[in-house]
>>> print(open('work-v6.txt').read())   # compact mmCIF, N, CA and C atoms
# COMPACT_ATOMS: atom_id res chain seq x y z
N MET A 1 14.43 -3.90 0.92
CA MET A 1 14.43 -2.77 0.00
C MET A 1 13.10 -2.02 0.16
N SER A 2 13.15 -0.71 0.34
CA SER A 2 11.92 0.06 0.48
C SER A 2 11.19 0.13 -0.86
N CYS A 3 9.90 0.45 -0.79
CA CYS A 3 9.12 0.51 -2.03
C CYS A 3 9.65 1.64 -2.93
N TRP A 4 10.19 2.72 -2.33
CA TRP A 4 10.70 3.81 -3.16
C TRP A 4 11.93 3.37 -3.93
N ASN A 5 12.78 2.57 -3.25
CA ASN A 5 13.95 2.04 -3.94
C ASN A 5 13.52 1.09 -5.06
N LEU A 6 12.47 0.32 -4.81
CA LEU A 6 11.96 -0.60 -5.82
C LEU A 6 11.45 0.17 -7.04
N TYR A 7 10.68 1.24 -6.80
CA TYR A 7 10.18 2.05 -7.92
C TYR A 7 11.35 2.68 -8.68
N ALA A 8 12.29 3.22 -7.93
CA ALA A 8 13.45 3.86 -8.57
C ALA A 8 14.23 2.84 -9.38
N GLU A 9 14.40 1.64 -8.83
CA GLU A 9 15.14 0.60 -9.54
C GLU A 9 14.41 0.18 -10.82
N GLN A 10 13.09 0.02 -10.74
CA GLN A 10 12.31 -0.36 -11.92
C GLN A 10 12.43 0.70 -13.01
N LEU A 11 12.37 1.95 -12.63
CA LEU A 11 12.50 3.03 -13.62
C LEU A 11 13.92 3.10 -14.18
N ARG A 12 14.91 2.97 -13.30
CA ARG A 12 16.30 3.00 -13.75
C ARG A 12 16.59 1.89 -14.76
N GLU A 13 16.03 0.72 -14.53
CA GLU A 13 16.21 -0.41 -15.46
C GLU A 13 15.69 -0.07 -16.85
N ARG A 14 14.73 0.83 -16.92
CA ARG A 14 14.14 1.23 -18.20
C ARG A 14 14.76 2.52 -18.73
N GLY A 15 15.75 3.05 -18.01
CA GLY A 15 16.43 4.26 -18.46
C GLY A 15 15.79 5.55 -17.97
N TYR A 16 14.94 5.48 -16.95
CA TYR A 16 14.27 6.66 -16.39
C TYR A 16 14.70 6.86 -14.94
N ARG A 17 14.32 8.00 -14.40
CA ARG A 17 14.62 8.24 -12.98
C ARG A 17 13.31 8.52 -12.23
N LEU A 18 13.39 8.40 -10.92
CA LEU A 18 12.24 8.66 -10.07
C LEU A 18 12.25 10.14 -9.69
N THR A 19 11.51 10.94 -10.47
CA THR A 19 11.45 12.38 -10.24
C THR A 19 10.60 12.67 -9.01
N PRO A 20 10.70 13.87 -8.46
CA PRO A 20 9.85 14.22 -7.31
C PRO A 20 8.35 14.08 -7.63
N GLN A 21 7.95 14.43 -8.85
CA GLN A 21 6.54 14.31 -9.23
C GLN A 21 6.11 12.85 -9.26
N ARG A 22 6.91 12.01 -9.86
CA ARG A 22 6.61 10.58 -9.92
C ARG A 22 6.55 10.00 -8.52
N MET A 23 7.51 10.38 -7.69
CA MET A 23 7.55 9.88 -6.33
C MET A 23 6.33 10.31 -5.53
N SER A 24 5.92 11.56 -5.69
CA SER A 24 4.76 12.08 -4.98
C SER A 24 3.48 11.33 -5.37
N ILE A 25 3.31 11.10 -6.66
CA ILE A 25 2.12 10.41 -7.16
C ILE A 25 2.13 8.94 -6.72
N LEU A 26 3.28 8.30 -6.82
CA LEU A 26 3.39 6.91 -6.34
C LEU A 26 3.13 6.83 -4.84
N HIS A 27 3.61 7.81 -4.11
CA HIS A 27 3.39 7.84 -2.66
C HIS A 27 1.89 7.93 -2.34
N VAL A 28 1.18 8.80 -3.03
CA VAL A 28 -0.26 8.95 -2.82
C VAL A 28 -0.98 7.64 -3.09
N LEU A 29 -0.67 7.02 -4.23
CA LEU A 29 -1.34 5.77 -4.60
C LEU A 29 -0.95 4.62 -3.68
N HIS A 30 0.31 4.56 -3.33
CA HIS A 30 0.78 3.49 -2.44
C HIS A 30 0.10 3.59 -1.08
N ASP A 31 0.06 4.79 -0.52
CA ASP A 31 -0.53 4.98 0.81
C ASP A 31 -2.04 4.82 0.83
N SER A 32 -2.71 5.15 -0.29
CA SER A 32 -4.17 5.08 -0.29
C SER A 32 -4.65 3.63 -0.35
N GLY A 33 -3.96 2.81 -1.14
CA GLY A 33 -4.38 1.43 -1.30
C GLY A 33 -5.71 1.28 -2.02
N GLU A 34 -6.14 2.35 -2.68
CA GLU A 34 -7.42 2.29 -3.38
C GLU A 34 -7.29 2.92 -4.76
N HIS A 35 -8.35 2.85 -5.52
CA HIS A 35 -8.39 3.47 -6.83
C HIS A 35 -8.70 4.95 -6.65
N LEU A 36 -7.92 5.80 -7.29
CA LEU A 36 -8.12 7.24 -7.18
C LEU A 36 -8.20 7.86 -8.57
N SER A 37 -9.02 8.88 -8.69
CA SER A 37 -9.09 9.63 -9.94
C SER A 37 -7.87 10.54 -10.03
N PRO A 38 -7.52 10.96 -11.24
CA PRO A 38 -6.41 11.91 -11.37
C PRO A 38 -6.63 13.17 -10.55
N GLY A 39 -7.87 13.64 -10.48
CA GLY A 39 -8.17 14.84 -9.69
C GLY A 39 -7.89 14.63 -8.21
N GLU A 40 -8.27 13.46 -7.69
CA GLU A 40 -8.03 13.16 -6.28
C GLU A 40 -6.53 12.99 -6.03
N ILE A 41 -5.83 12.36 -6.95
CA ILE A 41 -4.37 12.22 -6.82
C ILE A 41 -3.73 13.60 -6.80
N PHE A 42 -4.19 14.48 -7.69
CA PHE A 42 -3.67 15.85 -7.73
C PHE A 42 -3.90 16.55 -6.39
N ARG A 43 -5.13 16.46 -5.86
CA ARG A 43 -5.44 17.13 -4.58
C ARG A 43 -4.53 16.61 -3.46
N ARG A 44 -4.37 15.31 -3.39
CA ARG A 44 -3.55 14.73 -2.32
C ARG A 44 -2.07 15.03 -2.50
N ALA A 45 -1.58 14.92 -3.73
CA ALA A 45 -0.15 15.15 -3.98
C ALA A 45 0.21 16.62 -3.83
N SER A 46 -0.74 17.52 -4.09
CA SER A 46 -0.47 18.96 -4.00
C SER A 46 -0.12 19.41 -2.59
N HIS A 47 -0.58 18.66 -1.58
CA HIS A 47 -0.26 19.02 -0.20
C HIS A 47 1.24 18.93 0.05
N ASP A 48 1.88 17.92 -0.53
CA ASP A 48 3.32 17.75 -0.33
C ASP A 48 4.15 18.46 -1.39
N MET A 49 3.51 18.76 -2.52
CA MET A 49 4.22 19.37 -3.64
C MET A 49 3.36 20.51 -4.19
N PRO A 50 3.38 21.69 -3.55
CA PRO A 50 2.50 22.79 -3.93
C PRO A 50 2.61 23.25 -5.38
N GLY A 51 3.73 23.10 -6.03
CA GLY A 51 3.87 23.55 -7.42
C GLY A 51 3.38 22.56 -8.46
N LEU A 52 2.91 21.42 -8.02
CA LEU A 52 2.44 20.38 -8.93
C LEU A 52 1.21 20.87 -9.69
N THR A 53 1.14 20.57 -10.98
CA THR A 53 -0.01 20.97 -11.78
C THR A 53 -0.81 19.74 -12.18
N GLU A 54 -2.08 19.95 -12.46
CA GLU A 54 -2.94 18.83 -12.86
C GLU A 54 -2.49 18.19 -14.17
N PRO A 55 -2.09 18.97 -15.18
CA PRO A 55 -1.58 18.33 -16.41
C PRO A 55 -0.36 17.45 -16.14
N THR A 56 0.50 17.85 -15.21
CA THR A 56 1.66 17.03 -14.86
C THR A 56 1.21 15.71 -14.26
N VAL A 57 0.16 15.74 -13.43
CA VAL A 57 -0.37 14.51 -12.84
C VAL A 57 -0.87 13.58 -13.94
N TYR A 58 -1.62 14.11 -14.90
CA TYR A 58 -2.13 13.28 -16.00
C TYR A 58 -0.99 12.66 -16.81
N ARG A 59 -0.01 13.47 -17.16
CA ARG A 59 1.13 12.97 -17.94
C ARG A 59 1.92 11.92 -17.15
N THR A 60 2.10 12.18 -15.87
CA THR A 60 2.86 11.26 -15.03
C THR A 60 2.11 9.94 -14.86
N LEU A 61 0.81 10.01 -14.68
CA LEU A 61 0.02 8.77 -14.55
C LEU A 61 0.11 7.94 -15.83
N GLU A 62 0.05 8.61 -16.96
CA GLU A 62 0.18 7.91 -18.24
C GLU A 62 1.56 7.24 -18.33
N PHE A 63 2.59 7.97 -17.96
CA PHE A 63 3.95 7.43 -17.97
C PHE A 63 4.07 6.23 -17.01
N LEU A 64 3.54 6.37 -15.80
CA LEU A 64 3.64 5.29 -14.81
C LEU A 64 2.85 4.06 -15.25
N ALA A 65 1.72 4.27 -15.93
CA ALA A 65 0.94 3.14 -16.44
C ALA A 65 1.70 2.44 -17.57
N GLU A 66 2.31 3.21 -18.45
CA GLU A 66 3.10 2.63 -19.55
C GLU A 66 4.28 1.81 -19.02
N ASN A 67 4.75 2.15 -17.83
CA ASN A 67 5.88 1.45 -17.23
C ASN A 67 5.44 0.48 -16.13
N ASP A 68 4.16 0.14 -16.12
CA ASP A 68 3.60 -0.90 -15.23
C ASP A 68 3.79 -0.63 -13.74
N LEU A 69 3.82 0.64 -13.35
CA LEU A 69 3.90 0.97 -11.93
C LEU A 69 2.53 1.30 -11.35
N VAL A 70 1.61 1.72 -12.22
CA VAL A 70 0.23 1.94 -11.81
C VAL A 70 -0.68 1.26 -12.84
N VAL A 71 -1.90 0.97 -12.39
CA VAL A 71 -2.88 0.31 -13.25
C VAL A 71 -4.09 1.23 -13.42
N PRO A 72 -4.42 1.58 -14.67
CA PRO A 72 -5.64 2.35 -14.90
C PRO A 72 -6.84 1.40 -14.97
N ALA A 73 -8.00 1.89 -14.56
CA ALA A 73 -9.21 1.06 -14.61
C ALA A 73 -10.43 1.94 -14.85
N HIS A 74 -11.42 1.38 -15.52
CA HIS A 74 -12.72 2.02 -15.68
C HIS A 74 -13.66 1.36 -14.67
N LEU A 75 -14.18 2.15 -13.75
CA LEU A 75 -15.07 1.59 -12.73
C LEU A 75 -16.49 2.13 -12.83
N GLY A 76 -16.85 2.61 -14.02
CA GLY A 76 -18.23 3.02 -14.23
C GLY A 76 -18.49 4.50 -14.14
N SER A 77 -17.52 5.28 -13.74
CA SER A 77 -17.73 6.72 -13.61
C SER A 77 -17.56 7.43 -14.95
N GLY A 78 -17.08 6.70 -15.96
CA GLY A 78 -16.80 7.31 -17.25
C GLY A 78 -15.39 7.87 -17.32
N HIS A 79 -14.66 7.78 -16.21
CA HIS A 79 -13.30 8.29 -16.14
C HIS A 79 -12.38 7.20 -15.63
N LEU A 80 -11.12 7.30 -16.00
CA LEU A 80 -10.14 6.36 -15.48
C LEU A 80 -9.82 6.67 -14.03
N VAL A 81 -9.58 5.61 -13.29
CA VAL A 81 -9.03 5.73 -11.94
C VAL A 81 -7.74 4.91 -11.95
N TYR A 82 -6.89 5.16 -10.98
CA TYR A 82 -5.58 4.51 -10.95
C TYR A 82 -5.34 3.88 -9.59
N GLN A 83 -4.56 2.81 -9.63
CA GLN A 83 -4.15 2.13 -8.42
C GLN A 83 -2.71 1.67 -8.61
N ILE A 84 -1.99 1.61 -7.51
CA ILE A 84 -0.61 1.14 -7.58
C ILE A 84 -0.62 -0.31 -8.07
N THR A 85 0.36 -0.68 -8.87
CA THR A 85 0.43 -2.05 -9.37
C THR A 85 0.67 -2.97 -8.19
N GLY A 86 -0.05 -4.02 -8.17
CA GLY A 86 0.08 -5.01 -7.10
C GLY A 86 -0.42 -6.33 -7.62
N HIS A 87 -1.40 -6.86 -6.96
CA HIS A 87 -1.97 -8.12 -7.42
C HIS A 87 -2.97 -7.86 -8.54
N ALA A 88 -2.96 -8.74 -9.52
CA ALA A 88 -3.91 -8.60 -10.63
C ALA A 88 -5.31 -8.92 -10.11
N HIS A 89 -6.23 -8.02 -10.38
CA HIS A 89 -7.60 -8.22 -9.92
C HIS A 89 -8.56 -7.52 -10.86
N HIS A 90 -9.82 -7.81 -10.66
CA HIS A 90 -10.90 -7.24 -11.46
C HIS A 90 -11.97 -6.74 -10.49
N HIS A 91 -13.05 -6.20 -11.03
CA HIS A 91 -14.09 -5.65 -10.16
C HIS A 91 -15.48 -6.02 -10.61
N LEU A 92 -16.37 -6.13 -9.64
CA LEU A 92 -17.81 -6.17 -9.85
C LEU A 92 -18.31 -4.84 -9.28
N VAL A 93 -19.08 -4.08 -10.08
CA VAL A 93 -19.57 -2.78 -9.63
C VAL A 93 -21.09 -2.76 -9.79
N CYS A 94 -21.78 -2.34 -8.74
CA CYS A 94 -23.24 -2.22 -8.78
C CYS A 94 -23.63 -0.97 -9.55
N ARG A 95 -24.51 -1.13 -10.52
CA ARG A 95 -24.97 -0.01 -11.35
C ARG A 95 -25.84 0.97 -10.57
N ILE A 96 -26.42 0.51 -9.45
CA ILE A 96 -27.32 1.40 -8.71
C ILE A 96 -26.60 2.13 -7.58
N CYS A 97 -26.00 1.39 -6.67
CA CYS A 97 -25.41 2.03 -5.49
C CYS A 97 -23.90 2.25 -5.61
N GLY A 98 -23.25 1.63 -6.61
CA GLY A 98 -21.82 1.81 -6.79
C GLY A 98 -20.95 0.90 -5.94
N ALA A 99 -21.58 -0.02 -5.19
CA ALA A 99 -20.79 -0.96 -4.38
C ALA A 99 -19.81 -1.69 -5.29
N MET A 100 -18.63 -1.97 -4.76
CA MET A 100 -17.59 -2.59 -5.57
C MET A 100 -16.98 -3.76 -4.82
N VAL A 101 -16.74 -4.84 -5.56
CA VAL A 101 -16.11 -6.03 -5.01
C VAL A 101 -14.93 -6.38 -5.90
N GLU A 102 -13.79 -6.66 -5.29
CA GLU A 102 -12.62 -7.11 -6.06
C GLU A 102 -12.72 -8.60 -6.32
N ILE A 103 -12.31 -9.00 -7.52
CA ILE A 103 -12.27 -10.40 -7.92
C ILE A 103 -10.82 -10.74 -8.24
N GLU A 104 -10.31 -11.80 -7.67
CA GLU A 104 -8.94 -12.22 -7.95
C GLU A 104 -8.82 -12.64 -9.41
N HIS A 105 -7.70 -12.31 -10.02
CA HIS A 105 -7.47 -12.60 -11.44
C HIS A 105 -7.54 -14.10 -11.73
N ASN A 106 -7.10 -14.93 -10.80
CA ASN A 106 -7.07 -16.36 -11.08
C ASN A 106 -8.46 -16.93 -11.39
N LEU A 107 -9.52 -16.25 -10.94
CA LEU A 107 -10.88 -16.70 -11.27
C LEU A 107 -11.20 -16.53 -12.75
N LEU A 108 -10.46 -15.64 -13.44
CA LEU A 108 -10.73 -15.38 -14.85
C LEU A 108 -9.64 -15.90 -15.79
N THR A 109 -8.66 -16.59 -15.25
CA THR A 109 -7.54 -17.05 -16.07
C THR A 109 -8.01 -17.91 -17.24
N GLN A 110 -8.90 -18.85 -16.98
CA GLN A 110 -9.39 -19.73 -18.04
C GLN A 110 -10.16 -18.94 -19.10
N LEU A 111 -10.95 -17.97 -18.65
CA LEU A 111 -11.69 -17.12 -19.59
C LEU A 111 -10.72 -16.36 -20.49
N TYR A 112 -9.67 -15.79 -19.90
CA TYR A 112 -8.66 -15.07 -20.69
C TYR A 112 -8.06 -15.99 -21.75
N LYS A 113 -7.71 -17.21 -21.35
CA LYS A 113 -7.11 -18.16 -22.29
C LYS A 113 -8.08 -18.50 -23.42
N LYS A 114 -9.35 -18.73 -23.09
CA LYS A 114 -10.36 -19.05 -24.11
C LYS A 114 -10.56 -17.88 -25.07
N LEU A 115 -10.60 -16.68 -24.53
CA LEU A 115 -10.75 -15.50 -25.39
C LEU A 115 -9.57 -15.36 -26.34
N GLU A 116 -8.38 -15.55 -25.83
CA GLU A 116 -7.19 -15.45 -26.69
C GLU A 116 -7.20 -16.53 -27.77
N LYS A 117 -7.54 -17.74 -27.37
CA LYS A 117 -7.54 -18.85 -28.33
C LYS A 117 -8.61 -18.66 -29.41
N SER A 118 -9.80 -18.26 -29.01
CA SER A 118 -10.90 -18.14 -29.98
C SER A 118 -10.79 -16.89 -30.87
N SER A 119 -10.14 -15.84 -30.35
CA SER A 119 -10.08 -14.59 -31.12
C SER A 119 -8.75 -14.37 -31.83
N GLY A 120 -7.70 -15.02 -31.34
CA GLY A 120 -6.37 -14.77 -31.88
C GLY A 120 -5.72 -13.53 -31.27
N PHE A 121 -6.46 -12.81 -30.45
CA PHE A 121 -5.92 -11.63 -29.78
C PHE A 121 -5.04 -12.05 -28.61
N GLN A 122 -4.04 -11.25 -28.34
CA GLN A 122 -3.27 -11.40 -27.11
C GLN A 122 -3.76 -10.32 -26.17
N LEU A 123 -4.34 -10.71 -25.05
CA LEU A 123 -4.87 -9.74 -24.10
C LEU A 123 -3.72 -9.11 -23.33
N VAL A 124 -3.69 -7.80 -23.31
CA VAL A 124 -2.60 -7.09 -22.65
C VAL A 124 -3.07 -6.33 -21.42
N ASN A 125 -4.36 -6.21 -21.24
CA ASN A 125 -4.91 -5.52 -20.07
C ASN A 125 -5.35 -6.57 -19.07
N ASP A 126 -4.84 -6.50 -17.86
CA ASP A 126 -5.25 -7.50 -16.89
C ASP A 126 -6.24 -6.93 -15.89
N HIS A 127 -7.12 -6.06 -16.38
CA HIS A 127 -8.16 -5.51 -15.51
C HIS A 127 -9.47 -5.43 -16.27
N VAL A 128 -10.50 -6.03 -15.69
CA VAL A 128 -11.83 -6.01 -16.28
C VAL A 128 -12.80 -5.58 -15.18
N THR A 129 -13.79 -4.79 -15.57
CA THR A 129 -14.84 -4.41 -14.64
C THR A 129 -16.17 -4.94 -15.16
N PHE A 130 -16.87 -5.67 -14.32
CA PHE A 130 -18.19 -6.18 -14.64
C PHE A 130 -19.22 -5.34 -13.90
N PHE A 131 -20.31 -5.02 -14.56
CA PHE A 131 -21.36 -4.21 -13.95
C PHE A 131 -22.61 -5.05 -13.76
N GLY A 132 -23.30 -4.84 -12.68
CA GLY A 132 -24.52 -5.58 -12.39
C GLY A 132 -25.22 -4.96 -11.20
N LEU A 133 -25.98 -5.77 -10.48
CA LEU A 133 -26.69 -5.32 -9.29
C LEU A 133 -26.21 -6.12 -8.09
N CYS A 134 -25.84 -5.43 -7.03
CA CYS A 134 -25.41 -6.09 -5.81
C CYS A 134 -26.61 -6.77 -5.16
N PRO A 135 -26.38 -7.68 -4.22
CA PRO A 135 -27.50 -8.37 -3.56
C PRO A 135 -28.52 -7.42 -2.93
N GLU A 136 -28.06 -6.34 -2.30
CA GLU A 136 -29.00 -5.41 -1.66
C GLU A 136 -29.89 -4.70 -2.68
N CYS A 137 -29.29 -4.24 -3.78
CA CYS A 137 -30.08 -3.56 -4.82
C CYS A 137 -31.00 -4.52 -5.54
N GLN A 138 -30.61 -5.79 -5.63
CA GLN A 138 -31.49 -6.78 -6.23
C GLN A 138 -32.75 -6.93 -5.38
N LYS A 139 -32.57 -6.95 -4.05
CA LYS A 139 -33.71 -7.07 -3.13
C LYS A 139 -34.66 -5.87 -3.28
N ILE A 140 -34.07 -4.69 -3.33
CA ILE A 140 -34.87 -3.47 -3.45
C ILE A 140 -35.62 -3.44 -4.77
N ASN A 141 -34.95 -3.81 -5.86
CA ASN A 141 -35.57 -3.77 -7.18
C ASN A 141 -36.60 -4.86 -7.41
N SER A 142 -36.49 -5.97 -6.66
CA SER A 142 -37.46 -7.06 -6.83
C SER A 142 -38.61 -6.90 -5.85
N GLY A 143 -38.48 -5.93 -4.95
CA GLY A 143 -39.54 -5.69 -3.96
C GLY A 143 -39.47 -6.64 -2.78
N GLY A 144 -38.48 -7.51 -2.75
CA GLY A 144 -38.34 -8.48 -1.67
C GLY A 144 -37.51 -7.92 -0.53
N GLU A 145 -37.50 -8.63 0.55
CA GLU A 145 -36.71 -8.20 1.70
C GLU A 145 -35.70 -9.22 2.06
>>> encode(input="work-v6.txt", output="structure tokens")
Amino acid sequence: MSCWNLYAEQLRERGYRLTPQRMSILHVLHDSGEHLSPGEIFRRASHDMPGLTEPTVYRTLEFLAENDLVVPAHLGSGHLVYQITGHAHHHLVCRICGAMVEIEHNLLTQLYKKLEKSSGFQLVNDHVTFFGLCPECQKINSGGE
């Protein structure tokens, strides 16, 4: 089954259809394999769909996130970025140079369980971003080589 059929099937199961706008945005995110801002998604999707508007991209991203087809994340820019839903992961982001490392979700599973148990909250977001200094920036800031 192609990924487009999979997306269409997931939406159909929820009573929605895969519109050209949804398909275009999913295509951009699927092909990029990276986190993209709504503005970047708009720029890329506009090449294939010239009538697409930026507000439509924002609304569609919100819809796709609500239906678990894309994952929103805060990576330190102050704005949300989006990635196609895939494996659950988190990020380490350097506050100085912006270097980013993905962390597999299984490394934080026990932490999630402890947080839920101690707080009574049920965690519904499976994306966390940690900020710090990468090894290179640590060397520069400590004056070492």
>>> select_by_dssp(input="work-v6.txt", residues="region 11-132 of chain A", states="helix (DSSP H, G or I)", output="PyMOL selection string")
chain A and resi 11-13+20-32+38-48+54-66+105-119
>>> residues_around(input="work-v6.txt", residues="Gln21 (chain A)", least_positions_apart="4", cutoff="8 Å", atoms="only N, CA and C atoms", output="PyMOL selection string")
chain A and resi 25-27+49+52+56-57+60
>>> closest_residue(input="work-v6.txt", among="A:Glu62, A:Cys137, A:Leu18, A:Leu69", to="Ile96 (chain A)", atoms="only N, CA and C atoms")
A:Cys137
>>> atom_distance(input="work-v6.txt", atom1="CA of Arg59 (chain A)", atom2="atom N of Gln10 (chain A)")
19.0 Å
>>> closest_atom_pairs(input="work-v6.txt", of="region 55-91 of chain A", to="region 28-47 of chain A", cutoff="6 Å", atoms="all atoms listed in the file", output="JSON lines")
{"residue": "A:Leu80", "atom": "C", "partner": "A:Ser37", "partner_atom": "CA", "distance": 5.1}
{"residue": "A:Val81", "atom": "CA", "partner": "A:Leu36", "partner_atom": "C", "distance": 4.1}
{"residue": "A:Tyr82", "atom": "N", "partner": "A:Leu36", "partner_atom": "C", "distance": 3.8}
{"residue": "A:Gln83", "atom": "CA", "partner": "A:His35", "partner_atom": "CA", "distance": 4.7}
{"residue": "A:Ile84", "atom": "N", "partner": "A:Leu29", "partner_atom": "C", "distance": 5.0}
